[in-house]
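File shown here: run17.cif, holding mmCIF, C-alpha atoms.
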```
data_target
loop_
_atom_site.label_atom_id
_atom_site.label_comp_id
_atom_site.auth_asym_id
_atom_site.auth_seq_id
_atom_site.Cartn_x
_atom_site.Cartn_y
_atom_site.Cartn_z
CA MET A 134 50.91 5.05 -21.39
CA SER A 135 52.10 2.43 -18.96
CA THR A 136 49.74 0.36 -16.84
CA ALA A 137 50.69 2.28 -13.73
CA GLU A 138 49.83 5.58 -15.37
CA THR A 139 46.54 4.27 -16.64
CA LEU A 140 45.78 3.11 -13.15
CA THR A 141 46.51 6.49 -11.61
CA SER A 142 44.41 8.23 -14.26
CA GLN A 143 41.59 5.87 -13.48
CA CYS A 144 42.07 6.42 -9.78
CA TYR A 145 42.07 10.16 -10.31
CA ILE A 146 38.80 10.08 -12.24
CA HIS A 147 37.20 7.66 -9.80
CA HIS A 148 38.32 9.76 -6.91
CA HIS A 149 36.73 12.82 -8.44
CA LEU A 150 33.48 11.01 -9.15
CA THR A 151 33.00 9.56 -5.69
CA HIS A 152 30.82 11.33 -3.20
CA LEU A 153 31.53 12.04 0.40
CA ALA A 154 28.85 9.68 1.67
CA LEU A 155 27.66 8.84 5.13
CA GLY A 156 25.64 5.69 5.47
CA TRP A 157 24.98 2.38 7.11
CA LEU A 158 27.27 -0.32 5.78
CA PRO A 159 25.90 -3.73 6.74
CA ALA A 160 28.41 -6.09 8.32
CA ASP A 161 27.60 -8.90 5.92
CA LYS A 162 28.66 -6.82 2.93
CA THR A 163 32.13 -5.95 4.23
CA GLU A 164 33.57 -9.36 3.35
CA LEU A 165 32.22 -9.11 -0.15
CA ILE A 166 33.83 -5.79 -1.03
CA GLY A 167 36.85 -6.07 1.21
CA SER A 168 35.95 -3.20 3.57
CA HIS A 169 37.62 -2.66 6.88
CA HIS A 170 34.65 -1.14 8.67
CA HIS A 171 30.89 -1.42 8.94
CA GLY A 172 27.98 0.27 10.64
CA LEU A 173 27.41 4.02 10.34
CA VAL A 174 30.52 5.13 8.46
CA LEU A 175 31.88 7.48 5.86
CA ALA A 176 32.26 5.44 2.70
CA ALA A 177 35.89 4.72 1.79
CA ASN A 178 35.15 3.99 -1.87
CA ALA A 179 32.39 3.88 -4.46
CA ASP A 180 31.64 0.20 -3.77
CA GLU A 181 30.82 0.99 -0.18
CA ILE A 182 28.42 3.71 -1.21
CA ALA A 183 26.69 1.33 -3.58
CA ASN A 184 26.38 -1.26 -0.82
CA MET A 185 24.98 1.22 1.65
CA GLY A 186 21.83 1.11 -0.46
CA PHE A 187 19.21 3.78 -0.03
CA TRP A 188 20.19 4.80 3.48
CA ALA A 189 23.29 6.69 2.52
CA ILE A 190 23.52 10.41 2.17
CA HIS A 191 25.92 12.42 0.03
CA LEU A 192 27.21 14.94 2.53
CA ASP A 193 29.04 16.97 -0.11
CA THR A 194 25.96 17.37 -2.29
CA MET A 195 23.81 18.31 0.67
CA PHE A 196 26.38 20.68 2.11
CA PHE A 197 27.14 22.63 -1.04
CA SER A 198 23.55 22.82 -2.25
CA ILE A 199 22.25 24.02 1.11
CA LEU A 200 25.18 26.40 1.57
CA LEU A 201 24.66 27.97 -1.84
CA GLY A 202 20.90 28.16 -1.41
CA TRP A 203 21.26 29.61 2.05
CA LEU A 204 23.79 32.24 0.90
CA ALA A 205 21.73 33.27 -2.10
CA PHE A 206 18.31 33.36 -0.48
CA SER A 207 19.42 34.92 2.78
CA PHE A 208 21.04 37.64 0.68
CA PHE A 209 17.79 38.05 -1.24
CA ARG A 210 15.87 38.15 1.99
CA LYS A 211 18.16 40.75 3.48
CA VAL A 212 17.60 42.91 0.44
CA ALA A 213 13.86 42.27 0.54
CA GLU A 214 13.69 43.31 4.18
CA ARG A 215 15.34 46.62 3.39
CA ALA A 216 13.56 47.07 0.08
CA ILE A 217 12.62 50.68 -0.41
CA VAL A 218 10.07 52.17 -2.76
CA GLY A 219 12.32 55.07 -3.72
CA VAL A 220 15.50 54.94 -5.78
CA PRO A 221 17.00 51.48 -5.10
CA SER A 222 20.59 50.88 -4.00
CA GLY A 223 23.06 48.60 -5.77
CA ALA A 224 22.07 45.33 -4.10
CA GLN A 225 18.38 46.05 -4.43
CA ASN A 226 18.91 46.99 -8.04
CA PHE A 227 20.54 43.65 -8.70
CA VAL A 228 17.84 41.66 -6.93
CA GLU A 229 15.10 43.61 -8.66
CA TRP A 230 16.80 42.99 -11.98
CA VAL A 231 16.83 39.24 -11.31
CA LEU A 232 13.22 39.24 -10.14
CA ASP A 233 12.12 41.30 -13.11
CA PHE A 234 13.83 38.87 -15.44
CA ILE A 235 12.09 35.90 -13.81
CA ASP A 236 8.76 37.71 -13.66
CA GLU A 237 8.93 38.58 -17.35
CA ASN A 238 9.68 34.98 -18.28
CA VAL A 239 6.91 33.63 -16.09
CA ARG A 240 4.43 36.12 -17.53
CA GLY A 241 5.54 35.09 -20.99
CA SER A 242 4.90 31.38 -20.58
CA PHE A 243 2.44 31.05 -17.71
CA THR A 244 -1.10 32.10 -18.53
CA GLY A 245 -2.86 31.06 -15.33
CA ARG A 246 -2.94 32.81 -12.00
CA ASN A 247 -0.83 31.25 -9.29
CA PRO A 248 1.31 33.28 -6.89
CA MET A 249 3.52 30.26 -6.28
CA VAL A 250 4.87 29.81 -9.81
CA ALA A 251 7.11 32.89 -10.04
CA PRO A 252 8.88 32.32 -6.68
CA LEU A 253 9.31 28.67 -7.66
CA ALA A 254 10.89 29.75 -10.92
CA LEU A 255 13.14 32.19 -9.09
CA THR A 256 14.27 29.51 -6.65
CA ILE A 257 15.01 27.06 -9.45
CA PHE A 258 16.92 29.54 -11.56
CA VAL A 259 19.06 31.00 -8.81
CA TRP A 260 19.73 27.74 -7.02
CA VAL A 261 20.51 25.68 -10.11
CA PHE A 262 22.65 28.48 -11.52
CA LEU A 263 24.76 28.67 -8.37
CA MET A 264 25.07 24.90 -8.04
CA ASN A 265 26.12 24.69 -11.68
CA ALA A 266 28.56 27.55 -11.19
CA MET A 267 30.52 25.39 -8.73
CA ASP A 268 31.80 23.69 -11.87
CA LEU A 269 33.84 26.80 -12.66
CA LEU A 270 36.02 26.34 -9.59
CA PRO A 271 39.18 24.42 -10.51
CA VAL A 272 38.25 20.75 -10.19
CA ASP A 273 41.02 19.92 -7.78
CA LEU A 274 40.83 22.97 -5.53
CA LEU A 275 38.23 22.04 -2.95
CA PRO A 276 38.80 18.25 -3.03
CA TRP A 277 42.53 18.81 -2.54
CA LEU A 278 41.98 21.23 0.37
CA TRP A 279 39.53 18.75 1.86
CA GLY A 280 42.04 15.93 1.53
CA GLN A 281 44.79 18.05 3.10
CA PHE A 282 42.44 18.97 5.95
CA TRP A 283 41.72 15.32 6.72
CA SER A 284 45.32 14.27 6.35
CA LEU A 285 46.02 16.52 9.34
CA PHE A 286 44.02 13.97 11.31
CA GLY A 287 45.94 11.08 9.80
CA ALA A 288 43.48 10.17 7.10
CA ASN A 289 44.65 9.04 3.69
CA PRO A 290 43.69 11.85 1.30
CA HIS A 291 43.03 9.24 -1.40
CA HIS A 292 40.12 7.96 0.61
CA VAL A 293 38.65 11.37 1.34
CA PHE A 294 36.15 12.35 -1.29
CA LEU A 295 34.45 15.58 -2.21
CA ARG A 296 32.29 16.48 -5.17
CA VAL A 297 31.50 20.16 -5.29
CA VAL A 298 28.89 20.32 -8.06
CA PRO A 299 25.55 19.28 -6.53
CA THR A 300 23.80 19.28 -9.91
CA ALA A 301 26.24 16.65 -11.20
CA ASP A 302 24.62 14.38 -8.62
CA PRO A 303 21.44 12.83 -10.07
CA ASN A 304 19.93 12.90 -6.58
CA THR A 305 19.74 16.68 -6.77
CA THR A 306 18.33 16.94 -10.26
CA PHE A 307 15.82 14.14 -9.69
CA ALA A 308 14.80 15.64 -6.36
CA MET A 309 13.97 18.93 -8.04
CA ALA A 310 12.33 17.27 -11.01
CA LEU A 311 10.19 15.11 -8.73
CA MET A 312 9.11 18.10 -6.66
CA VAL A 313 8.17 19.85 -9.89
CA PHE A 314 6.36 16.72 -11.04
CA PHE A 315 4.37 16.48 -7.81
CA THR A 316 3.48 20.15 -8.09
CA VAL A 317 2.32 19.58 -11.67
CA LEU A 318 0.21 16.60 -10.55
CA TYR A 319 -1.23 18.57 -7.63
CA TYR A 320 -2.31 21.48 -9.79
CA SER A 321 -3.52 19.18 -12.57
CA PHE A 322 -5.90 17.51 -10.14
CA LYS A 323 -6.81 20.81 -8.49
CA VAL A 324 -7.52 22.79 -11.66
CA LYS A 325 -8.86 20.13 -14.03
CA GLY A 326 -10.50 18.00 -11.34
CA VAL A 327 -9.84 14.28 -10.96
CA GLY A 328 -12.16 13.45 -13.85
CA GLY A 329 -10.75 16.13 -16.10
CA PHE A 330 -7.16 15.13 -15.55
CA LEU A 331 -7.83 11.40 -15.90
CA GLY A 332 -9.89 12.18 -18.98
CA GLU A 333 -6.97 14.05 -20.45
CA LEU A 334 -4.76 11.05 -19.80
CA THR A 335 -7.12 8.45 -21.19
CA LEU A 336 -9.35 10.03 -23.84
CA GLN A 337 -6.72 11.77 -25.93
CA PRO A 338 -5.66 11.84 -28.67
CA PHE A 339 -7.65 8.91 -30.14
CA GLY A 340 -10.94 9.21 -28.30
CA VAL A 341 -12.57 6.62 -26.11
CA TRP A 342 -11.91 3.67 -28.47
CA GLY A 343 -8.18 4.24 -28.47
CA LEU A 344 -8.01 4.05 -24.69
CA PRO A 345 -4.96 1.80 -24.27
CA ALA A 346 -2.99 3.75 -26.84
CA ASN A 347 -4.03 6.98 -25.18
CA ILE A 348 -2.88 5.81 -21.77
CA ILE A 349 0.46 4.70 -23.15
CA LEU A 350 1.06 7.91 -25.10
CA GLU A 351 -0.12 10.34 -22.42
CA GLY A 352 1.52 8.31 -19.68
CA ILE A 353 4.86 8.42 -21.45
CA SER A 354 4.54 12.13 -22.15
CA LEU A 355 3.64 12.76 -18.51
CA LEU A 356 6.46 10.68 -17.07
CA SER A 357 9.01 11.92 -19.58
CA LYS A 358 8.64 15.44 -18.18
CA PRO A 359 10.40 14.95 -14.83
CA ILE A 360 12.82 12.39 -16.24
CA SER A 361 13.94 14.61 -19.10
CA LEU A 362 14.09 17.60 -16.76
CA ALA A 363 16.35 15.74 -14.34
CA LEU A 364 18.51 13.94 -16.88
CA ARG A 365 19.14 17.00 -19.03
CA LEU A 366 20.56 18.98 -16.15
CA PHE A 367 22.44 16.04 -14.69
CA GLY A 368 23.87 15.02 -18.06
CA ASN A 369 25.11 18.48 -18.90
CA MET A 370 26.70 19.05 -15.54
CA TYR A 371 28.19 15.57 -15.27
CA ALA A 372 29.66 15.84 -18.75
CA GLY A 373 30.99 19.31 -18.01
CA GLU A 374 32.64 18.13 -14.84
CA MET A 375 34.03 15.09 -16.66
CA ILE A 376 35.65 17.28 -19.29
CA PHE A 377 37.21 19.46 -16.62
CA ILE A 378 38.58 16.31 -14.99
CA LEU A 379 39.99 15.06 -18.30
CA ILE A 380 41.57 18.44 -18.99
CA ALA A 381 43.04 18.40 -15.48
CA LEU A 382 44.54 14.98 -16.27
CA MET A 383 46.51 16.55 -19.11
CA TYR A 384 48.46 18.66 -16.61
CA SER A 385 50.30 15.53 -15.52
CA GLY A 386 51.67 15.05 -19.05
CA SER A 387 54.45 16.84 -20.89
CA THR A 388 54.96 20.60 -20.93
CA VAL A 389 53.22 20.97 -24.27
CA LEU A 390 50.28 19.01 -22.94
CA SER A 391 50.14 21.13 -19.80
CA VAL A 392 50.16 24.40 -21.69
CA SER A 393 47.46 23.26 -24.08
CA ALA A 394 45.48 22.02 -21.07
CA GLY A 395 45.61 25.54 -19.68
CA GLY A 396 44.17 26.92 -22.91
CA LEU A 397 41.56 24.20 -23.10
CA GLN A 398 40.48 24.74 -19.53
CA LEU A 399 40.00 28.43 -20.17
CA VAL A 400 38.03 27.82 -23.34
CA TRP A 401 35.87 25.15 -21.76
CA ALA A 402 35.27 27.30 -18.68
CA LEU A 403 34.14 30.21 -20.87
CA PHE A 404 31.87 27.92 -22.82
CA HIS A 405 30.64 26.40 -19.61
CA ILE A 406 29.45 29.79 -18.37
CA LEU A 407 26.94 29.61 -21.19
CA ILE A 408 25.95 26.06 -20.30
CA ILE A 409 25.43 26.64 -16.59
CA THR A 410 23.22 29.66 -17.29
CA LEU A 411 21.37 27.97 -20.11
CA GLN A 412 20.67 24.81 -18.11
CA ALA A 413 19.38 26.80 -15.15
CA PHE A 414 17.20 28.81 -17.51
CA ILE A 415 15.88 25.73 -19.33
CA PHE A 416 15.01 23.98 -16.07
CA MET A 417 13.11 27.06 -14.96
CA VAL A 418 11.28 27.67 -18.23
CA LEU A 419 10.26 24.03 -18.63
CA THR A 420 8.97 23.97 -15.06
CA VAL A 421 6.86 27.03 -15.80
CA VAL A 422 5.62 25.52 -19.05
CA TYR A 423 4.66 22.23 -17.36
CA LEU A 424 2.82 24.14 -14.67
CA ASP A 425 1.09 26.19 -17.32
CA MET A 426 -0.08 22.98 -18.98
CA ALA A 427 -1.35 21.80 -15.60
CA HIS A 428 -3.39 24.99 -15.29
CA GLN A 429 -5.08 24.74 -18.68
CA THR A 430 -8.60 23.37 -18.40
CA HIS A 431 -9.12 22.77 -22.12
CA HIS A 432 -6.71 21.19 -24.50
CA MET B 182 24.29 6.71 -10.15
CA ASN B 183 23.33 5.88 -6.61
CA PHE B 184 19.92 7.03 -5.59
CA ASN B 185 19.74 7.32 -1.85
CA LEU B 186 18.69 9.47 1.04
CA THR B 187 20.26 12.45 -0.71
CA LEU B 188 17.23 12.47 -3.00
CA ILE B 189 14.87 12.96 -0.07
CA GLY B 190 17.21 15.49 1.50
CA GLN B 191 17.39 17.52 -1.67
CA MET B 192 13.63 17.39 -2.10
CA ILE B 193 13.21 18.81 1.39
CA SER B 194 15.88 21.49 0.79
CA PHE B 195 14.26 22.46 -2.47
CA GLY B 196 10.82 22.66 -0.88
CA VAL B 197 12.13 24.77 1.97
CA PHE B 198 13.94 27.14 -0.41
CA VAL B 199 10.82 27.56 -2.54
CA TRP B 200 8.75 28.30 0.54
CA PHE B 201 11.39 30.70 1.82
CA THR B 202 11.61 32.56 -1.49
CA MET B 203 7.85 32.77 -1.78
CA THR B 204 7.38 34.14 1.73
CA TYR B 205 10.41 36.31 2.39
CA VAL B 206 11.78 37.33 -0.99
CA TRP B 207 9.18 37.47 -3.71
CA SER B 208 6.28 39.22 -1.99
CA PRO B 209 8.17 42.09 -0.31
CA ILE B 210 10.23 42.94 -3.37
CA MET B 211 7.29 42.69 -5.72
CA LYS B 212 5.32 44.90 -3.35
CA ALA B 213 8.10 47.49 -3.43
CA LEU B 214 8.20 47.27 -7.23
CA GLN B 215 4.44 47.72 -7.50
CA GLU B 216 4.51 50.66 -5.12
CA ARG B 217 7.29 52.28 -7.07
CA LYS B 218 5.34 51.75 -10.27
CA ALA B 219 2.31 53.45 -8.74
CA LYS B 220 4.49 56.27 -7.46
CA ILE B 221 6.08 56.85 -10.84
CA ALA B 222 2.70 56.79 -12.57
CA GLU B 223 1.43 59.29 -10.03
CA GLY B 224 4.44 61.52 -10.58
CA LEU B 225 4.01 61.42 -14.33
CA ALA B 226 0.32 62.25 -14.03
CA ALA B 227 1.15 65.15 -11.70
CA ALA B 228 3.73 66.46 -14.15
CA GLU B 229 1.19 66.23 -16.94
CA ARG B 230 -1.34 68.06 -14.81
CA GLY B 231 1.24 70.74 -13.99
CA HIS B 232 1.94 71.15 -17.66
CA GLN B 233 -1.71 71.63 -18.46
CA GLU B 234 -2.14 74.03 -15.59
CA LYS B 235 0.83 76.04 -16.79
CA ALA B 236 -0.62 76.29 -20.28
CA LEU B 237 -3.98 77.25 -18.80
CA GLY B 238 -2.34 79.89 -16.60
CA GLU B 239 -0.47 81.35 -19.52
CA GLN B 240 -3.68 81.59 -21.47
CA ARG B 241 -5.42 83.20 -18.54
CA ALA B 242 -2.60 85.71 -18.14
CA LEU B 243 -2.81 86.59 -21.81
CA GLU B 244 -6.54 87.14 -21.51
CA THR B 245 -6.11 89.30 -18.44
CA LEU B 246 -3.47 91.34 -20.21
CA LYS B 247 -5.76 91.82 -23.19
CA ASP B 248 -8.62 92.88 -20.93
CA ALA B 249 -6.39 95.31 -19.08
CA LYS B 250 -5.19 96.83 -22.32
CA ALA B 251 -8.74 97.23 -23.58
CA GLN B 252 -9.78 98.77 -20.29
CA ALA B 253 -6.87 101.16 -20.33
CA ALA B 254 -7.71 102.20 -23.88
CA GLU B 255 -11.30 102.75 -22.88
CA ILE B 256 -10.33 104.84 -19.88
CA LEU B 257 -7.94 106.86 -22.01
CA GLY B 258 -10.65 107.48 -24.57
CA GLN B 259 -13.09 108.54 -21.88
CA ALA B 260 -10.52 110.88 -20.38
CA ASN B 261 -9.78 112.43 -23.75
CA LYS B 262 -13.46 112.92 -24.38
CA ARG B 263 -13.97 114.40 -20.96
CA ALA B 264 -11.04 116.75 -21.47
CA SER B 265 -12.35 118.02 -24.76
CA GLU B 266 -15.76 118.36 -23.17
CA ILE B 267 -14.27 120.45 -20.36
CA VAL B 268 -12.45 122.62 -22.87
CA GLU B 269 -15.62 123.04 -24.84
CA GLU B 270 -17.55 123.90 -21.71
CA ALA B 271 -14.92 126.43 -20.70
CA LYS B 272 -15.08 127.95 -24.11
CA THR B 273 -18.87 128.22 -23.92
CA ASP B 274 -18.67 129.73 -20.43
CA ALA B 275 -16.05 132.21 -21.52
CA ARG B 276 -18.07 133.20 -24.52
CA GLY B 277 -21.18 133.69 -22.34
CA GLU B 278 -19.21 135.68 -19.81
CA GLY B 279 -17.79 137.88 -22.53
CA GLN B 280 -21.24 138.41 -23.93
CA ARG B 281 -22.51 139.33 -20.50
CA LEU B 282 -19.62 141.72 -19.93
CA ILE B 283 -20.31 143.33 -23.28
CA VAL B 284 -23.98 143.65 -22.44
CA SER B 285 -23.31 145.18 -19.04
CA ALA B 286 -20.72 147.52 -20.50
CA GLN B 287 -23.17 148.65 -23.12
CA ALA B 288 -25.79 149.19 -20.39
CA GLU B 289 -23.24 151.13 -18.42
CA ILE B 290 -22.36 153.17 -21.45
CA GLU B 291 -26.00 153.89 -22.13
CA HIS B 292 -26.58 154.78 -18.51
CA GLU B 293 -23.56 157.05 -18.54
CA THR B 294 -24.75 158.58 -21.80
CA ASN B 295 -28.20 159.20 -20.35
CA ARG B 296 -26.72 160.66 -17.22
CA ALA B 297 -24.43 162.91 -19.25
CA ARG B 298 -27.32 163.95 -21.44
CA GLU B 299 -29.42 164.74 -18.38
CA GLU B 300 -26.62 166.69 -16.88
CA LEU B 301 -26.05 168.45 -20.14
CA ARG B 302 -29.76 169.22 -20.35
CA GLN B 303 -29.69 170.66 -16.85
CA LYS B 304 -26.67 172.71 -17.64
CA VAL B 305 -28.07 173.85 -20.94
CA ALA B 306 -31.29 174.82 -19.19
CA THR B 307 -29.35 176.67 -16.60
CA LEU B 308 -27.25 178.30 -19.27
CA VAL B 309 -30.35 179.13 -21.30
CA ILE B 310 -31.99 180.52 -18.31
CA ALA B 311 -28.90 182.43 -17.43
CA ALA B 312 -28.67 183.69 -20.98
CA ALA B 313 -32.34 184.42 -21.10
CA GLU B 314 -32.05 186.08 -17.72
CA LYS B 315 -29.31 188.22 -19.05
CA ILE B 316 -31.31 188.97 -22.19
CA LEU B 317 -34.62 189.34 -20.56
CA LYS B 318 -33.44 190.63 -17.19
CA LYS B 319 -35.92 193.16 -16.97
CA GLU B 320 -39.00 191.90 -18.82
CA ILE B 321 -39.17 188.24 -17.98
CA ASP B 322 -39.92 186.82 -14.62
CA ALA B 323 -38.09 183.55 -14.29
CA ARG B 324 -40.78 182.06 -12.26
CA ALA B 325 -43.56 183.01 -14.64
CA HIS B 326 -41.82 181.51 -17.64
CA GLN B 327 -40.49 178.37 -16.01
CA SER B 328 -42.78 176.09 -17.98
CA ILE B 329 -41.68 177.51 -21.27
CA ILE B 330 -38.04 177.04 -20.36
CA ASP B 331 -38.59 173.43 -19.26
CA ASP B 332 -40.33 172.72 -22.51
CA PHE B 333 -37.51 174.10 -24.36
CA ALA B 334 -34.93 172.16 -22.40
CA ARG B 335 -36.79 168.95 -22.95
CA GLN B 336 -36.52 169.33 -26.68
CA ILE B 337 -32.74 169.40 -26.67
#
```
Represent the structure of the file as structure tokens.
Amino acid sequence: MSTAETLTSQCYIHHHLTHLALGWLPADKTELIGSHHHGLVLAANADEIANMGFWAIHLDTMFFSILLGWLAFSFFRKVAERAIVGVPSGAQNFVEWVLDFIDENVRGSFTGRNPMVAPLALTIFVWVFLMNAMDLLPVDLLPWLWGQFWSLFGANPHHVFLRVVPTADPNTTFAMALMVFFTVLYYSFKVKGVGGFLGELTLQPFGVWGLPANIILEGISLLSKPISLALRLFGNMYAGEMIFILIALMYSGSTVLSVSAGGLQLVWALFHILIITLQAFIFMVLTVVYLDMAHQTHH
Amino acid sequence: MNFNLTLIGQMISFGVFVWFTMTYVWSPIMKALQERKAKIAEGLAAAERGHQEKALGEQRALETLKDAKAQAAEILGQANKRASEIVEEAKTDARGEGQRLIVSAQAEIEHETNRAREELRQKVATLVIAAAEKILKKEIDARAHQSIIDDFARQI
């Protein structure tokens, strides 16, 4: 591989891994990273996003996640509004099947009584599943269309970014994990009481004399819950997307490489169907299990 | 990995979706499912009840049939008995009537016999008198010997 080719491969991967971000780029940073604009702008490269700091927003992540959620849950709502007690129609059958599946799982792992847990589980499963499923679209399809769209207005398609898998953005997975974590904390305090919950954190497993060790152990196990929840989903989706990008790179090689890329893409996509479902399911089940632990008054 | 405003945005979206699902999706559909469950249970119970009622009805019908048969047999028996009674009665009546007829016929016969005998006696007396008159035309006065003649006639 020549240097030029390596460069384009790198560019290709970078391009695919850069978000469509809107943010405030401070004027003093532009010199540093060689930008041509500042203020409230769409980032032209990954460096700009990094320099926007916290006040940048990934428009692609937000757009696709909200679009998918809105489509799915408005469909569910439409079905729910027309839900009939008699023999259900096709759409209602499907929705009832999904709800029954979630309800069964929640009943299986959640022993307390909380009307909020099952809908939470449903939201997580459906939303994460759909966001993951964006991975099955050909990696170049939407970004290419997006680039073509902007090139109509004279933009350089190489500086127009779009990432279509919201769960391959750690912001999404950490946002969900943090919401779950706050819910767990809320119910821990509510069910066990402040004393009970703090006692659980400090007096186990070594009793009152092992207090520092207890705090370290329980603290780690508490904090590891949202972090593992978020990183597991993010890691799987990011890696999956990465492999699709690498397979897509093969298409630019020889004929043999292209053909084998086709086969690989098919195989990986089929395998990925399992992963996207499994990851959505794991996120849901672990959330339910953590909430169940928060609802248990005795250890 | 850039953490930025997207994190907050996604937290809000997630929260809104959870709230939305809880309010507008989960409760109505679960309600429909529960209602259907109740309806099905009700239907099954009704079917079970119907089954039992059918069995009960069949049993009742059988009993009624048995009763009817027994009643019919009883009525038939009574009728037979009554019939034979009537025949018996008729026989008794007929026999009585016959007896009576025989008795009256005998009485009639006796009466007729007596009458004939009386008549005969009269005639014999007349004949005797006539004969005696012929024999004793001259010596015997019929009026004077009337008592003797009567005596004689009575002895016949």
May I have the residues of chain B within 7 Å of chain A, counting all atoms listed in the file, written as a list of chain:residue names?
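Per the criterion, chain B yields B:Met182, B:Asn183, B:Phe184, B:Asn185, B:Leu186, B:Thr187, B:Leu188, B:Ile189, B:Gln191, B:Met192, B:Ser194, B:Phe195, B:Phe198, B:Val199, B:Thr202, B:Met203, B:Tyr205, B:Val206, B:Trp207, B:Pro209, B:Ile210, B:Ala213, B:Leu214, B:Glu216, B:Arg217.
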What separation in Å, quoted to one decimal, exists between atom CA of Gly368 of chain A and atom CA of Ala301 of chain A?
7.4 Å
Please report the interatomic distance between atom CA of Ser168 of chain A and atom CA of Glu181 of chain A in Å with one decimal.
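Separation of atom CA of Ser168 of chain A and atom CA of Glu181 of chain A: 7.6 Å.
Straight-line separation from atom CA of Lys325 of chain A to atom CA of Thr430 of chain A: 5.4 Å.
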Residues picked by the PyMOL selection byres ((chain A and resi 365) around 12) here, as a tab-separated table (two decimals) with C-alpha atoms, in the frame of the given file?
```tsv
chain	number	residue	atom	x	y	z
A	300	THR	CA	23.80	19.28	-9.91
A	301	ALA	CA	26.24	16.65	-11.20
A	303	PRO	CA	21.44	12.83	-10.07
A	306	THR	CA	18.33	16.94	-10.26
A	307	PHE	CA	15.82	14.14	-9.69
A	310	ALA	CA	12.33	17.27	-11.01
A	357	SER	CA	9.01	11.92	-19.58
A	358	LYS	CA	8.64	15.44	-18.18
A	359	PRO	CA	10.40	14.95	-14.83
A	360	ILE	CA	12.82	12.39	-16.24
A	361	SER	CA	13.94	14.61	-19.10
A	362	LEU	CA	14.09	17.60	-16.76
A	363	ALA	CA	16.35	15.74	-14.34
A	364	LEU	CA	18.51	13.94	-16.88
A	366	LEU	CA	20.56	18.98	-16.15
A	367	PHE	CA	22.44	16.04	-14.69
A	368	GLY	CA	23.87	15.02	-18.06
A	369	ASN	CA	25.11	18.48	-18.90
A	370	MET	CA	26.70	19.05	-15.54
A	371	TYR	CA	28.19	15.57	-15.27
A	372	ALA	CA	29.66	15.84	-18.75
A	408	ILE	CA	25.95	26.06	-20.30
A	409	ILE	CA	25.43	26.64	-16.59
A	411	LEU	CA	21.37	27.97	-20.11
A	412	GLN	CA	20.67	24.81	-18.11
A	413	ALA	CA	19.38	26.80	-15.15
A	415	ILE	CA	15.88	25.73	-19.33
A	416	PHE	CA	15.01	23.98	-16.07
A	419	LEU	CA	10.26	24.03	-18.63
```
Residues matched by the PyMOL selection byres ((chain A and resi 295) around 12), written as a ChimeraX atom specification
/A:147-154,175-178,191-197,272-283,290-294,296-299,302
Expected selection from the PyMOL selection byres ((chain A and resi 331) around 12), given as number ranges by chain
A: 318, 321-322, 325-330, 332-337, 344, 347-348, 351-352, 355
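Proximity of A:Glu164, A:Leu350, A:Asn289, A:Phe258 to Ala205 of chain A, computed with all atoms listed in the file, is greatest for A:Phe258.
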My structure is short of atoms at segment 232-239 of chain B; please model N, CA, C and O atoms there, returning them as a PDB file, in the coordinates of the input.
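Here's the written file part_35.pdb:
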```
ATOM      1  N   HIS B 232       1.757  70.633 -16.312  1.00  0.00           N
ATOM      2  CA  HIS B 232       1.940  71.150 -17.660  1.00  0.00           C
ATOM      3  C   HIS B 232       0.669  71.821 -18.165  1.00  0.00           C
ATOM      4  O   HIS B 232       0.700  72.947 -18.657  1.00  0.00           O
ATOM      5  N   GLN B 233      -0.423  71.095 -18.000  1.00  0.00           N
ATOM      6  CA  GLN B 233      -1.710  71.630 -18.460  1.00  0.00           C
ATOM      7  C   GLN B 233      -2.049  72.911 -17.719  1.00  0.00           C
ATOM      8  O   GLN B 233      -2.496  73.888 -18.319  1.00  0.00           O
ATOM      9  N   GLU B 234      -1.808  72.866 -16.390  1.00  0.00           N
ATOM     10  CA  GLU B 234      -2.140  74.030 -15.590  1.00  0.00           C
ATOM     11  C   GLU B 234      -1.314  75.233 -16.015  1.00  0.00           C
ATOM     12  O   GLU B 234      -1.805  76.359 -16.048  1.00  0.00           O
ATOM     13  N   LYS B 235      -0.053  74.965 -16.362  1.00  0.00           N
ATOM     14  CA  LYS B 235       0.830  76.040 -16.790  1.00  0.00           C
ATOM     15  C   LYS B 235       0.281  76.669 -18.083  1.00  0.00           C
ATOM     16  O   LYS B 235       0.167  77.898 -18.206  1.00  0.00           O
ATOM     17  N   ALA B 236      -0.088  75.802 -19.019  1.00  0.00           N
ATOM     18  CA  ALA B 236      -0.620  76.290 -20.280  1.00  0.00           C
ATOM     19  C   ALA B 236      -1.890  77.118 -20.035  1.00  0.00           C
ATOM     20  O   ALA B 236      -2.068  78.209 -20.597  1.00  0.00           O
ATOM     21  N   LEU B 237      -2.724  76.569 -19.125  1.00  0.00           N
ATOM     22  CA  LEU B 237      -3.980  77.250 -18.800  1.00  0.00           C
ATOM     23  C   LEU B 237      -3.683  78.621 -18.189  1.00  0.00           C
ATOM     24  O   LEU B 237      -4.302  79.634 -18.551  1.00  0.00           O
ATOM     25  N   GLY B 238      -2.715  78.650 -17.277  1.00  0.00           N
ATOM     26  CA  GLY B 238      -2.340  79.890 -16.600  1.00  0.00           C
ATOM     27  C   GLY B 238      -1.837  80.927 -17.592  1.00  0.00           C
ATOM     28  O   GLY B 238      -2.209  82.110 -17.518  1.00  0.00           O
ATOM     29  N   GLU B 239      -1.003  80.428 -18.520  1.00  0.00           N
ATOM     30  CA  GLU B 239      -0.470  81.350 -19.520  1.00  0.00           C
ATOM     31  C   GLU B 239      -1.599  81.975 -20.331  1.00  0.00           C
ATOM     32  O   GLU B 239      -1.620  83.188 -20.582  1.00  0.00           O
TER      33      GLU B 239
END
```
